[in-house]
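Q: File name my_file_31.pdb; file contents PDB, C-alpha atoms and all ligand atoms; full text below.
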ATOM      1  CA  MET A   1       0.000   0.000   0.000  1.00  0.00           C
ATOM      2  CA  THR A   2       1.765   3.107  -1.190  1.00  0.00           C
ATOM      3  CA  ALA A   3      -1.135   5.531  -0.993  1.00  0.00           C
ATOM      4  CA  ILE A   4      -1.572   8.004   1.839  1.00  0.00           C
ATOM      5  CA  ARG A   5      -2.655   5.974   4.840  1.00  0.00           C
ATOM      6  CA  GLY A   6      -4.381   8.636   6.911  1.00  0.00           C
ATOM      7  CA  LEU A   7      -7.078  11.057   5.994  1.00  0.00           C
ATOM      8  CA  ARG A   8      -5.834  14.619   6.052  1.00  0.00           C
ATOM      9  CA  LYS A   9      -7.430  16.751   8.721  1.00  0.00           C
ATOM     10  CA  PRO A  10      -8.403  20.434   8.617  1.00  0.00           C
ATOM     11  CA  GLU A  11      -5.802  22.884   9.933  1.00  0.00           C
ATOM     12  CA  HIS A  12      -7.785  23.865  13.033  1.00  0.00           C
ATOM     13  CA  GLN A  13      -7.994  20.205  14.077  1.00  0.00           C
ATOM     14  CA  LEU A  14      -4.285  19.597  13.447  1.00  0.00           C
ATOM     15  CA  ARG A  15      -3.424  22.674  15.541  1.00  0.00           C
ATOM     16  CA  ARG A  16      -5.487  21.401  18.458  1.00  0.00           C
ATOM     17  CA  GLU A  17      -4.019  17.891  18.208  1.00  0.00           C
ATOM     18  CA  LEU A  18      -0.446  19.134  17.921  1.00  0.00           C
ATOM     19  CA  VAL A  19      -0.803  21.140  21.153  1.00  0.00           C
ATOM     20  CA  GLN A  20      -2.405  18.136  22.897  1.00  0.00           C
ATOM     21  CA  PHE A  21       0.311  15.681  21.861  1.00  0.00           C
ATOM     22  CA  ALA A  22       3.129  18.103  22.713  1.00  0.00           C
ATOM     23  CA  ARG A  23       1.729  18.412  26.240  1.00  0.00           C
ATOM     24  CA  LEU A  24       1.324  14.624  26.430  1.00  0.00           C
ATOM     25  CA  CYS A  25       4.977  14.159  25.421  1.00  0.00           C
ATOM     26  CA  TYR A  26       5.954  16.409  28.330  1.00  0.00           C
ATOM     27  CA  GLU A  27       3.566  14.795  30.812  1.00  0.00           C
ATOM     28  CA  ARG A  28       4.759  11.300  29.842  1.00  0.00           C
ATOM     29  CA  GLY A  29       8.395  12.340  30.387  1.00  0.00           C
ATOM     30  CA  LEU A  30       9.318  11.844  26.720  1.00  0.00           C
ATOM     31  CA  LEU A  31      10.991  15.271  26.676  1.00  0.00           C
ATOM     32  CA  VAL A  32      11.702  18.115  29.091  1.00  0.00           C
ATOM     33  CA  GLY A  33      11.419  21.882  28.790  1.00  0.00           C
ATOM     34  CA  PHE A  34      12.231  23.243  25.360  1.00  0.00           C
ATOM     35  CA  ASP A  35      13.312  19.807  24.047  1.00  0.00           C
ATOM     36  CA  GLY A  36      11.772  18.119  21.057  1.00  0.00           C
ATOM     37  CA  ASN A  37       9.571  19.279  18.229  1.00  0.00           C
ATOM     38  CA  LEU A  38       6.368  18.169  16.555  1.00  0.00           C
ATOM     39  CA  SER A  39       4.913  18.695  13.092  1.00  0.00           C
ATOM     40  CA  ALA A  40       1.965  17.669  10.949  1.00  0.00           C
ATOM     41  CA  ARG A  41       1.259  17.874   7.233  1.00  0.00           C
ATOM     42  CA  ILE A  42      -1.504  20.297   6.289  1.00  0.00           C
ATOM     43  CA  ASP A  43      -1.314  19.543   2.570  1.00  0.00           C
ATOM     44  CA  ASP A  44       1.233  18.555  -0.078  1.00  0.00           C
ATOM     45  CA  ASP A  45       3.347  21.676   0.531  1.00  0.00           C
ATOM     46  CA  LEU A  46       2.422  23.081   3.956  1.00  0.00           C
ATOM     47  CA  ILE A  47       3.656  21.796   7.309  1.00  0.00           C
ATOM     48  CA  LEU A  48       2.464  22.843  10.749  1.00  0.00           C
ATOM     49  CA  CYS A  49       5.321  22.805  13.298  1.00  0.00           C
ATOM     50  CA  THR A  50       6.363  23.997  16.734  1.00  0.00           C
ATOM     51  CA  ARG A  51       8.453  27.161  16.985  1.00  0.00           C
ATOM     52  CA  ALA A  52      11.958  27.232  18.456  1.00  0.00           C
ATOM     53  CA  SER A  53      12.411  27.603  22.224  1.00  0.00           C
ATOM     54  CA  CYS A  54       8.946  26.807  23.515  1.00  0.00           C
ATOM     55  CA  HIS A  55       8.092  24.632  26.520  1.00  0.00           C
ATOM     56  CA  LYS A  56       6.111  21.623  25.282  1.00  0.00           C
ATOM     57  CA  GLY A  57       4.247  21.232  28.552  1.00  0.00           C
ATOM     58  CA  LEU A  58       2.976  24.799  28.260  1.00  0.00           C
ATOM     59  CA  LEU A  59       2.495  24.821  24.476  1.00  0.00           C
ATOM     60  CA  THR A  60      -0.319  26.927  23.042  1.00  0.00           C
ATOM     61  CA  ASP A  61      -1.636  27.633  19.561  1.00  0.00           C
ATOM     62  CA  GLU A  62       0.587  30.759  19.497  1.00  0.00           C
ATOM     63  CA  ASP A  63       3.645  28.491  19.457  1.00  0.00           C
ATOM     64  CA  LEU A  64       2.726  26.948  16.095  1.00  0.00           C
ATOM     65  CA  LEU A  65       4.067  28.007  12.701  1.00  0.00           C
ATOM     66  CA  ILE A  66       3.301  27.060   9.147  1.00  0.00           C
ATOM     67  CA  VAL A  67       6.200  26.451   6.758  1.00  0.00           C
ATOM     68  CA  THR A  68       6.511  25.153   3.213  1.00  0.00           C
ATOM     69  CA  LEU A  69       8.134  21.838   2.428  1.00  0.00           C
ATOM     70  CA  GLY A  70      11.068  23.942   1.234  1.00  0.00           C
ATOM     71  CA  GLY A  71      11.419  25.459   4.741  1.00  0.00           C
ATOM     72  CA  LYS A  72       9.985  28.942   4.089  1.00  0.00           C
ATOM     73  CA  LYS A  73       7.881  30.394   6.910  1.00  0.00           C
ATOM     74  CA  VAL A  74       4.365  31.218   5.760  1.00  0.00           C
ATOM     75  CA  ARG A  75       2.566  32.120   8.977  1.00  0.00           C
ATOM     76  CA  GLY A  76       3.131  32.355  12.746  1.00  0.00           C
ATOM     77  CA  ASN A  77       5.334  34.135  15.272  1.00  0.00           C
ATOM     78  CA  GLY A  78       8.996  33.422  15.946  1.00  0.00           C
ATOM     79  CA  THR A  79      11.310  31.044  14.126  1.00  0.00           C
ATOM     80  CA  PRO A  80      10.606  27.397  13.360  1.00  0.00           C
ATOM     81  CA  THR A  81      12.195  24.670  15.453  1.00  0.00           C
ATOM     82  CA  SER A  82      15.945  24.302  14.890  1.00  0.00           C
ATOM     83  CA  GLU A  83      15.296  20.686  13.885  1.00  0.00           C
ATOM     84  CA  LEU A  84      12.844  21.649  11.135  1.00  0.00           C
ATOM     85  CA  SER A  85      15.124  20.311   8.392  1.00  0.00           C
ATOM     86  CA  MET A  86      14.901  16.841   9.971  1.00  0.00           C
ATOM     87  CA  HIS A  87      11.088  16.954   9.842  1.00  0.00           C
ATOM     88  CA  LEU A  88      11.083  18.221   6.248  1.00  0.00           C
ATOM     89  CA  ALA A  89      13.490  15.452   5.208  1.00  0.00           C
ATOM     90  CA  CYS A  90      10.994  12.891   6.565  1.00  0.00           C
ATOM     91  CA  TYR A  91       8.058  14.416   4.678  1.00  0.00           C
ATOM     92  CA  LYS A  92      10.075  14.600   1.459  1.00  0.00           C
ATOM     93  CA  ALA A  93      11.162  10.973   1.813  1.00  0.00           C
ATOM     94  CA  ARG A  94       7.691   9.730   2.726  1.00  0.00           C
ATOM     95  CA  PRO A  95       4.652  11.280   1.027  1.00  0.00           C
ATOM     96  CA  ASP A  96       2.478   8.911   3.098  1.00  0.00           C
ATOM     97  CA  VAL A  97       3.661  10.394   6.406  1.00  0.00           C
ATOM     98  CA  GLN A  98       1.314  12.940   7.979  1.00  0.00           C
ATOM     99  CA  ALA A  99       3.063  13.631  11.300  1.00  0.00           C
ATOM    100  CA  VAL A 100       6.574  13.615  12.772  1.00  0.00           C
ATOM    101  CA  ILE A 101       7.457  13.772  16.463  1.00  0.00           C
ATOM    102  CA  HIS A 102      11.001  14.189  17.735  1.00  0.00           C
ATOM    103  CA  ALA A 103      11.542  13.815  21.475  1.00  0.00           C
ATOM    104  CA  HIS A 104      14.232  12.933  23.997  1.00  0.00           C
ATOM    105  CA  PRO A 105      12.864   9.812  25.784  1.00  0.00           C
ATOM    106  CA  PRO A 106      15.348   9.163  28.604  1.00  0.00           C
ATOM    107  CA  MET A 107      15.608   5.366  28.608  1.00  0.00           C
ATOM    108  CA  CYS A 108      15.879   5.239  24.808  1.00  0.00           C
ATOM    109  CA  ILE A 109      18.701   7.786  24.988  1.00  0.00           C
ATOM    110  CA  ALA A 110      20.349   5.806  27.781  1.00  0.00           C
ATOM    111  CA  PHE A 111      20.529   2.783  25.455  1.00  0.00           C
ATOM    112  CA  THR A 112      22.362   4.849  22.833  1.00  0.00           C
ATOM    113  CA  VAL A 113      24.653   6.433  25.421  1.00  0.00           C
ATOM    114  CA  ALA A 114      25.543   2.959  26.692  1.00  0.00           C
ATOM    115  CA  GLY A 115      26.221   1.831  23.122  1.00  0.00           C
ATOM    116  CA  LEU A 116      23.372  -0.697  23.288  1.00  0.00           C
ATOM    117  CA  SER A 117      21.117  -1.401  20.313  1.00  0.00           C
ATOM    118  CA  MET A 118      17.335  -1.730  20.546  1.00  0.00           C
ATOM    119  CA  ALA A 119      17.204  -3.369  17.101  1.00  0.00           C
ATOM    120  CA  GLN A 120      16.015  -6.718  18.382  1.00  0.00           C
ATOM    121  CA  CYS A 121      12.817  -8.673  17.789  1.00  0.00           C
ATOM    122  CA  VAL A 122      11.664  -9.013  21.381  1.00  0.00           C
ATOM    123  CA  LEU A 123       8.181  -7.573  21.860  1.00  0.00           C
ATOM    124  CA  PRO A 124       5.379  -8.608  19.458  1.00  0.00           C
ATOM    125  CA  GLU A 125       3.694  -5.183  19.373  1.00  0.00           C
ATOM    126  CA  VAL A 126       6.983  -3.554  18.350  1.00  0.00           C
ATOM    127  CA  VAL A 127       7.639  -6.076  15.565  1.00  0.00           C
ATOM    128  CA  LEU A 128       4.044  -5.644  14.374  1.00  0.00           C
ATOM    129  CA  THR A 129       4.042  -1.853  14.249  1.00  0.00           C
ATOM    130  CA  MET A 130       7.681  -0.821  13.763  1.00  0.00           C
ATOM    131  CA  GLY A 131       9.815  -3.838  12.855  1.00  0.00           C
ATOM    132  CA  VAL A 132      13.219  -3.201  14.367  1.00  0.00           C
ATOM    133  CA  ILE A 133      14.249   0.192  15.747  1.00  0.00           C
ATOM    134  CA  PRO A 134      17.685   1.208  14.413  1.00  0.00           C
ATOM    135  CA  THR A 135      20.083   3.655  16.076  1.00  0.00           C
ATOM    136  CA  LEU A 136      21.445   6.210  13.621  1.00  0.00           C
ATOM    137  CA  PRO A 137      25.060   7.367  14.033  1.00  0.00           C
ATOM    138  CA  TYR A 138      25.713  10.584  15.939  1.00  0.00           C
ATOM    139  CA  GLU A 139      25.337  13.877  14.099  1.00  0.00           C
ATOM    140  CA  THR A 140      25.094  17.388  15.535  1.00  0.00           C
ATOM    141  CA  THR A 141      21.538  18.531  16.226  1.00  0.00           C
ATOM    142  CA  GLY A 142      19.983  20.919  13.732  1.00  0.00           C
ATOM    143  CA  THR A 143      22.454  20.130  10.936  1.00  0.00           C
ATOM    144  CA  THR A 144      21.828  19.140   7.341  1.00  0.00           C
ATOM    145  CA  SER A 145      23.862  15.992   7.996  1.00  0.00           C
ATOM    146  CA  LEU A 146      21.393  14.874  10.663  1.00  0.00           C
ATOM    147  CA  ALA A 147      18.416  15.762   8.451  1.00  0.00           C
ATOM    148  CA  ASP A 148      19.890  13.755   5.554  1.00  0.00           C
ATOM    149  CA  LEU A 149      20.549  10.777   7.802  1.00  0.00           C
ATOM    150  CA  VAL A 150      17.026  10.764   9.256  1.00  0.00           C
ATOM    151  CA  GLY A 151      15.412  11.351   5.860  1.00  0.00           C
ATOM    152  CA  ALA A 152      17.266   8.364   4.392  1.00  0.00           C
ATOM    153  CA  ALA A 153      16.312   6.157   7.355  1.00  0.00           C
ATOM    154  CA  ALA A 154      12.673   7.288   7.080  1.00  0.00           C
ATOM    155  CA  GLU A 155      12.433   5.541   3.724  1.00  0.00           C
ATOM    156  CA  ASN A 156      12.668   2.224   5.558  1.00  0.00           C
ATOM    157  CA  HIS A 157      11.580   2.943   9.132  1.00  0.00           C
ATOM    158  CA  ASP A 158       8.748   4.645  11.034  1.00  0.00           C
ATOM    159  CA  ALA A 159      10.813   4.923  14.220  1.00  0.00           C
ATOM    160  CA  VAL A 160      14.525   5.562  14.742  1.00  0.00           C
ATOM    161  CA  LEU A 161      16.871   6.399  17.598  1.00  0.00           C
ATOM    162  CA  LEU A 162      19.469   9.161  17.252  1.00  0.00           C
ATOM    163  CA  ASP A 163      22.754   8.319  18.969  1.00  0.00           C
ATOM    164  CA  HIS A 164      23.300  10.378  22.167  1.00  0.00           C
ATOM    165  CA  HIS A 165      20.266  12.479  21.294  1.00  0.00           C
ATOM    166  CA  GLY A 166      16.714  11.136  21.064  1.00  0.00           C
ATOM    167  CA  ALA A 167      14.038   9.509  18.965  1.00  0.00           C
ATOM    168  CA  VAL A 168      12.016  10.275  15.833  1.00  0.00           C
ATOM    169  CA  ALA A 169       8.607   8.711  15.151  1.00  0.00           C
ATOM    170  CA  LEU A 170       6.556   9.009  11.974  1.00  0.00           C
ATOM    171  CA  GLY A 171       2.888   8.289  11.459  1.00  0.00           C
ATOM    172  CA  ASP A 172      -0.175   8.754   9.328  1.00  0.00           C
ATOM    173  CA  SER A 173      -1.473  10.917  12.199  1.00  0.00           C
ATOM    174  CA  LEU A 174      -0.096  12.628  15.291  1.00  0.00           C
ATOM    175  CA  LEU A 175      -1.714   9.872  17.356  1.00  0.00           C
ATOM    176  CA  SER A 176       0.097   7.182  15.373  1.00  0.00           C
ATOM    177  CA  ALA A 177       3.476   8.938  15.714  1.00  0.00           C
ATOM    178  CA  PHE A 178       2.896   9.534  19.441  1.00  0.00           C
ATOM    179  CA  CYS A 179       1.983   5.873  20.050  1.00  0.00           C
ATOM    180  CA  LYS A 180       5.212   4.746  18.387  1.00  0.00           C
ATOM    181  CA  LEU A 181       7.243   7.157  20.487  1.00  0.00           C
ATOM    182  CA  GLU A 182       5.528   5.997  23.667  1.00  0.00           C
ATOM    183  CA  THR A 183       6.076   2.347  22.699  1.00  0.00           C
ATOM    184  CA  MET A 184       9.773   2.992  22.036  1.00  0.00           C
ATOM    185  CA  GLU A 185      10.294   4.315  25.556  1.00  0.00           C
ATOM    186  CA  HIS A 186       8.141   1.544  27.063  1.00  0.00           C
ATOM    187  CA  THR A 187      10.267  -1.004  25.157  1.00  0.00           C
ATOM    188  CA  ALA A 188      13.492   0.563  26.395  1.00  0.00           C
ATOM    189  CA  LEU A 189      12.211   0.264  29.972  1.00  0.00           C
ATOM    190  CA  ILE A 190      11.315  -3.399  29.445  1.00  0.00           C
ATOM    191  CA  LEU A 191      14.673  -4.204  27.821  1.00  0.00           C
ATOM    192  CA  LYS A 192      16.493  -2.475  30.684  1.00  0.00           C
ATOM    193  CA  SER A 193      14.479  -4.477  33.234  1.00  0.00           C
ATOM    194  CA  ALA A 194      15.127  -7.739  31.364  1.00  0.00           C
ATOM    195  CA  ARG A 195      18.846  -6.985  31.271  1.00  0.00           C
ATOM    196  CA  ASP A 196      18.776  -6.317  35.023  1.00  0.00           C
ATOM    197  CA  LEU A 197      16.965  -9.622  35.548  1.00  0.00           C
ATOM    198  CA  GLY A 198      19.482 -11.657  33.607  1.00  0.00           C
ATOM    199  CA  GLY A 199      19.156 -11.072  29.878  1.00  0.00           C
ATOM    200  CA  VAL A 200      17.031 -10.435  26.819  1.00  0.00           C
ATOM    201  CA  ILE A 201      15.645 -13.383  24.862  1.00  0.00           C
ATOM    202  CA  ASP A 202      14.617 -12.749  21.253  1.00  0.00           C
ATOM    203  CA  LEU A 203      11.371 -14.038  19.820  1.00  0.00           C
ATOM    204  CA  PRO A 204      11.919 -17.115  17.630  1.00  0.00           C
ATOM    205  CA  PRO A 205      12.852 -15.890  14.109  1.00  0.00           C
ATOM    206  CA  ALA A 206       9.875 -17.609  12.471  1.00  0.00           C
ATOM    207  CA  GLU A 207       7.495 -15.861  14.866  1.00  0.00           C
ATOM    208  CA  SER A 208       9.204 -12.486  14.272  1.00  0.00           C
ATOM    209  CA  ALA A 209       8.809 -12.952  10.516  1.00  0.00           C
ATOM    210  CA  HIS A 210       5.156 -13.956  10.934  1.00  0.00           C
ATOM    211  CA  LEU A 211       4.434 -10.939  13.146  1.00  0.00           C
ATOM    212  CA  ARG A 212       6.162  -8.507  10.811  1.00  0.00           C
ATOM    213  CA  LYS A 213       4.240  -9.678   7.738  1.00  0.00           C
ATOM    214  CA  LEU A 214       1.012  -9.508   9.741  1.00  0.00           C
ATOM    215  CA  GLY A 215       1.861  -6.003  10.956  1.00  0.00           C
ATOM    216  CA  LEU A 216       2.749  -4.667   7.513  1.00  0.00           C
ATOM    217  CA  SER A 217      -0.519  -6.035   6.123  1.00  0.00           C
ATOM    218  CA  ARG A 218      -2.664  -4.909   9.035  1.00  0.00           C
ATOM    219  CA  TYR A 219      -1.120  -1.583  10.073  1.00  0.00           C
ATOM    220  CA  GLY A 220       0.905  -0.553   7.022  1.00  0.00           C
ATOM    221  CA  GLY A 221       4.428   0.793   7.230  1.00  0.00           C
ATOM    222  CA  PRO A 222       7.042   2.382   4.993  1.00  0.00           C
ATOM    223  CA  PRO A 223       6.229   1.620   1.327  1.00  0.00           C
ATOM    224  CA  ALA A 224       9.752   0.155   0.980  1.00  0.00           C
ATOM    225  CA  ALA A 225       8.986  -2.261   3.824  1.00  0.00           C
ATOM    226  CA  GLN A 226       5.574  -3.165   2.436  1.00  0.00           C
ATOM    227  CA  ALA A 227       7.171  -3.978  -0.905  1.00  0.00           C
ATOM    228  CA  ARG A 228       9.159  -6.696   0.900  1.00  0.00           C
ATOM    229  CA  VAL A 229       6.206  -8.364   2.600  1.00  0.00           C
ATOM    230  CA  GLY A 230       6.559 -11.384   0.274  1.00  0.00           C
ATOM    231  CA  GLU A 231      10.172 -12.017   1.310  1.00  0.00           C
ATOM    232  CA  PRO A 232      10.872 -14.673   3.970  1.00  0.00           C
ATOM    233  CA  PHE A 233      11.608 -12.127   6.716  1.00  0.00           C
ATOM    234  CA  ALA A 234       9.964  -9.091   5.062  1.00  0.00           C
ATOM    235  CA  ASP A 235      11.991  -5.990   6.059  1.00  0.00           C
ATOM    236  CA  LEU A 236      13.625  -7.496   9.149  1.00  0.00           C
ATOM    237  CA  PRO A 237      17.406  -7.121   8.846  1.00  0.00           C
ATOM    238  CA  ALA A 238      19.760  -9.980   8.170  1.00  0.00           C
ATOM    239  CA  ALA A 239      20.812 -10.175  11.811  1.00  0.00           C
ATOM    240  CA  CYS A 240      17.302 -11.304  12.740  1.00  0.00           C
ATOM    241  CA  GLN A 241      17.427 -14.057  10.171  1.00  0.00           C
ATOM    242  CA  VAL A 242      20.341 -15.703  11.908  1.00  0.00           C
ATOM    243  CA  CYS A 243      18.966 -15.488  15.450  1.00  0.00           C
ATOM    244  CA  PRO A 244      19.669 -18.820  17.142  1.00  0.00           C
ATOM    245  CA  THR A 245      16.739 -21.227  17.460  1.00  0.00           C
ATOM    246  CA  PRO A 246      15.777 -21.950  20.161  1.00  0.00           C
ATOM    247  CA  PRO A 247      16.440 -18.385  21.309  1.00  0.00           C
ATOM    248  CA  LYS A 248      19.027 -17.751  23.972  1.00  0.00           C
ATOM    249  CA  ALA A 249      19.662 -14.820  26.267  1.00  0.00           C
ATOM    250  CA  ARG A 250      22.347 -12.321  25.278  1.00  0.00           C
TER     251      ARG A 250
HETATM  252 ZN    ZN A 301      16.543  16.907  19.723  1.00  0.00          ZN
END
Go ahead and render the structure in this file as structure tokens.
Ligand SMILES: [Zn+2]
A:
Amino acid sequence: MTAIRGLRKPEHQLRRELVQFARLCYERGLLVGFDGNLSARIDDDLILCTRASCHKGLLTDEDLLIVTLGGKKVRGNGTPTSELSMHLACYKARPDVQAVIHAHPPMCIAFTVAGLSMAQCVLPEVVLTMGVIPTLPYETTGTTSLADLVGAAAENHDAVLLDHHGAVALGDSLLSAFCKLETMEHTALILKSARDLGGVIDLPPAESAHLRKLGLSRYGGPPAAQARVGEPFADLPAACQVCPTPPKAR
């Protein structure tokens, strides 16, 4: 399915939702203070986004700006978020994506700081909705290099971690992007707990493959991933295909 997955919503509704989900990100501890940024697609060329230096827990409609896909401000006060180029790279790479949320979820960041990957097939709901969650190499925040890296990854993933920095989640709605972000942090907490308790055991590879194909059919995903649904392990990376069976802790 390569068509747009979500129905586009009127601007006034997107504005209300964007404020709601920004506050939720703050209340759920997925970012603090001025951290993070959210955006939603109004139409093929216009993007609604948060402005720079605004507290997400106290966000209001006044903190929202409208920019073109080329990055030109059309309406609103202040300057767009410093990470706007990262959002625009996602929209350019994925015409099906309607919302992008970037946050700094603490346990996810802790995994990257510790040099630990979350790209494992462990929890069924993660495999179903996101496949594996890669960690992208470190790049300075707000740079074109980071935007290029995230845009390229967005072609194959709806959720990525940024080394020593944070997380980016894409969706066909703000709700969908928020749920992925929340699930990423929840997963990081579970993986941390499992490590503390003795180790993480992967799902059996055949079950991971089954779940991923089911998820891509049922919930959609990046068009590039959906194009691989007929392959033995769909878009799961090669590492998952050589997971030991029966699974063992690592
Ligand atoms: Zn950031």
Q: Taking all atoms listed in the file into account, which residues have an atom no farther than 12 Å from ligand ZN 301 (chain A)? I'd like them as an MDAnalysis selection string.
A: chainID A and resid 30:38 52:53 81:87 101:106 109 138:143 146:147 161:168
Q: May I have the protein, DNA and RNA residues with an atom at most 12 Å from (17.0, -4.0, 29.8), counting only C-alpha atoms in the file's coordinates, returned as a ChimeraX atom specification?
A: /A:107-108,110-111,114,116-118,120,122,185-201,249-250
Q: Report, in Å with one decimal, the straight-line distance from atom CA of Thr68 of chain A to atom CA of Ile47 of chain A.
A: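 About the pair atom CA of Thr68 of chain A and atom CA of Ile47 of chain A: they are 6.0 Å apart.
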Q: Evaluate the PyMOL selection byres (((chain A and resi 148) around 10) and not hetatm) against this structure - the residues, as a ChimeraX atom specification, please.
A: /A:85-86,88-90,93,143-147,149-154
Q: Given the choices A:Glu182, A:Asp202, A:Glu155, A:Glu11, which gets closest to Gly221 of chain A if the distance is worked out from all atoms listed in the file?
A: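 Residue with the minimum atom-to-atom distance to Gly221 of chain A: A:Glu155.
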Q: Give me, please, the distance in Å between atom CA of Asp235 of chain A and atom CA of Leu123 of chain A, quoted to one decimal.
A: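 Calculated distance between atom CA of Asp235 of chain A and atom CA of Leu123 of chain A is 16.3 Å.
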Q: Care to translate the PyMOL selection byres (((chain A and resi 23) around 7) and not hetatm) into actual residues of this file, as a count of residues only?
A: 12
Q: Can you list, as a VMD selection string, the residues that the PyMOL selection byres (((chain A and resi 229) around 12) and not hetatm) selects here?
A: chain A and resid 1 131 209 to 218 220 to 228 230 to 236
Q: Can you write out the residues you just picked, keeping C-alpha atoms, as a compact mmCIF listing (two decimals), in the frame of the given file?
A:
# COMPACT_ATOMS: atom_id res chain seq x y z
CA MET A 1 0.00 0.00 0.00
CA GLY A 131 9.82 -3.84 12.86
CA ALA A 209 8.81 -12.95 10.52
CA HIS A 210 5.16 -13.96 10.93
CA LEU A 211 4.43 -10.94 13.15
CA ARG A 212 6.16 -8.51 10.81
CA LYS A 213 4.24 -9.68 7.74
CA LEU A 214 1.01 -9.51 9.74
CA GLY A 215 1.86 -6.00 10.96
CA LEU A 216 2.75 -4.67 7.51
CA SER A 217 -0.52 -6.04 6.12
CA ARG A 218 -2.66 -4.91 9.04
CA GLY A 220 0.90 -0.55 7.02
CA GLY A 221 4.43 0.79 7.23
CA PRO A 222 7.04 2.38 4.99
CA PRO A 223 6.23 1.62 1.33
CA ALA A 224 9.75 0.16 0.98
CA ALA A 225 8.99 -2.26 3.82
CA GLN A 226 5.57 -3.16 2.44
CA ALA A 227 7.17 -3.98 -0.90
CA ARG A 228 9.16 -6.70 0.90
CA GLY A 230 6.56 -11.38 0.27
CA GLU A 231 10.17 -12.02 1.31
CA PRO A 232 10.87 -14.67 3.97
CA PHE A 233 11.61 -12.13 6.72
CA ALA A 234 9.96 -9.09 5.06
CA ASP A 235 11.99 -5.99 6.06
CA LEU A 236 13.62 -7.50 9.15
Q: Of the candidates A:Leu65, A:Leu14, A:Val160, A:Leu136, which shows the shortest atom-to-atom distance to Ala40 of chain A, using all atoms listed in the file?
A: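 Using all atoms listed in the file, the shortest distance to Ala40 of chain A belongs to A:Leu14.
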Q: What does the distance from atom CA of Thr129 of chain A to atom CA of Asp172 of chain A come to in Å, to one decimal?
A: 12.4 Å
Q: Give me the residues near segment 41-43 of chain A as a list in words, where near means some atom within 7 Å (using only C-alpha atoms) and where sequence neighbours in that chain fewer than 2 positions away do not count.
A: Glu11, Ser39, Asp45, Leu46, Ile47, Leu48, Gln98 and Ala99 of chain A
Q: My list of candidates is A:Thr79, A:Glu207, A:Leu181, A:Gly71. Which is closest to Gly29 of chain A when distances are computed with all atoms listed in the file?
A: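 Closest candidate: A:Leu181.
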Q: Which residue is closest to Thr135 of chain A? Choose from A:Ala119, A:Leu174, A:Val113, A:Cys54 and count all atoms listed in the file.
A: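 Closest to Thr135 of chain A of all the choices is A:Ala119.
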Q: Given the point (2.5, 23.9, 15.0) in the file's coordinates, find the residues that have an atom at most 7 Å from it, counting all atoms listed in the file, and give them as a PyMOL selection string.
A: chain A and resi 15+18+39+48-50+63-66
Q: I'd like to know which of A:Ala159, A:Leu170, A:Val132, A:Cys121 is closest to Val97 of chain A, using only C-alpha atoms.
A: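 Ranked by minimum distance to Val97 of chain A, first place goes to A:Leu170.
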Q: From the options A:Asp96, A:Arg16, A:Arg75, A:Asp44, which residue's atoms come nearest to Asp61 of chain A, counting all atoms listed in the file?
A: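 Counting all atoms listed in the file, the residue closest to Asp61 of chain A is A:Arg16.
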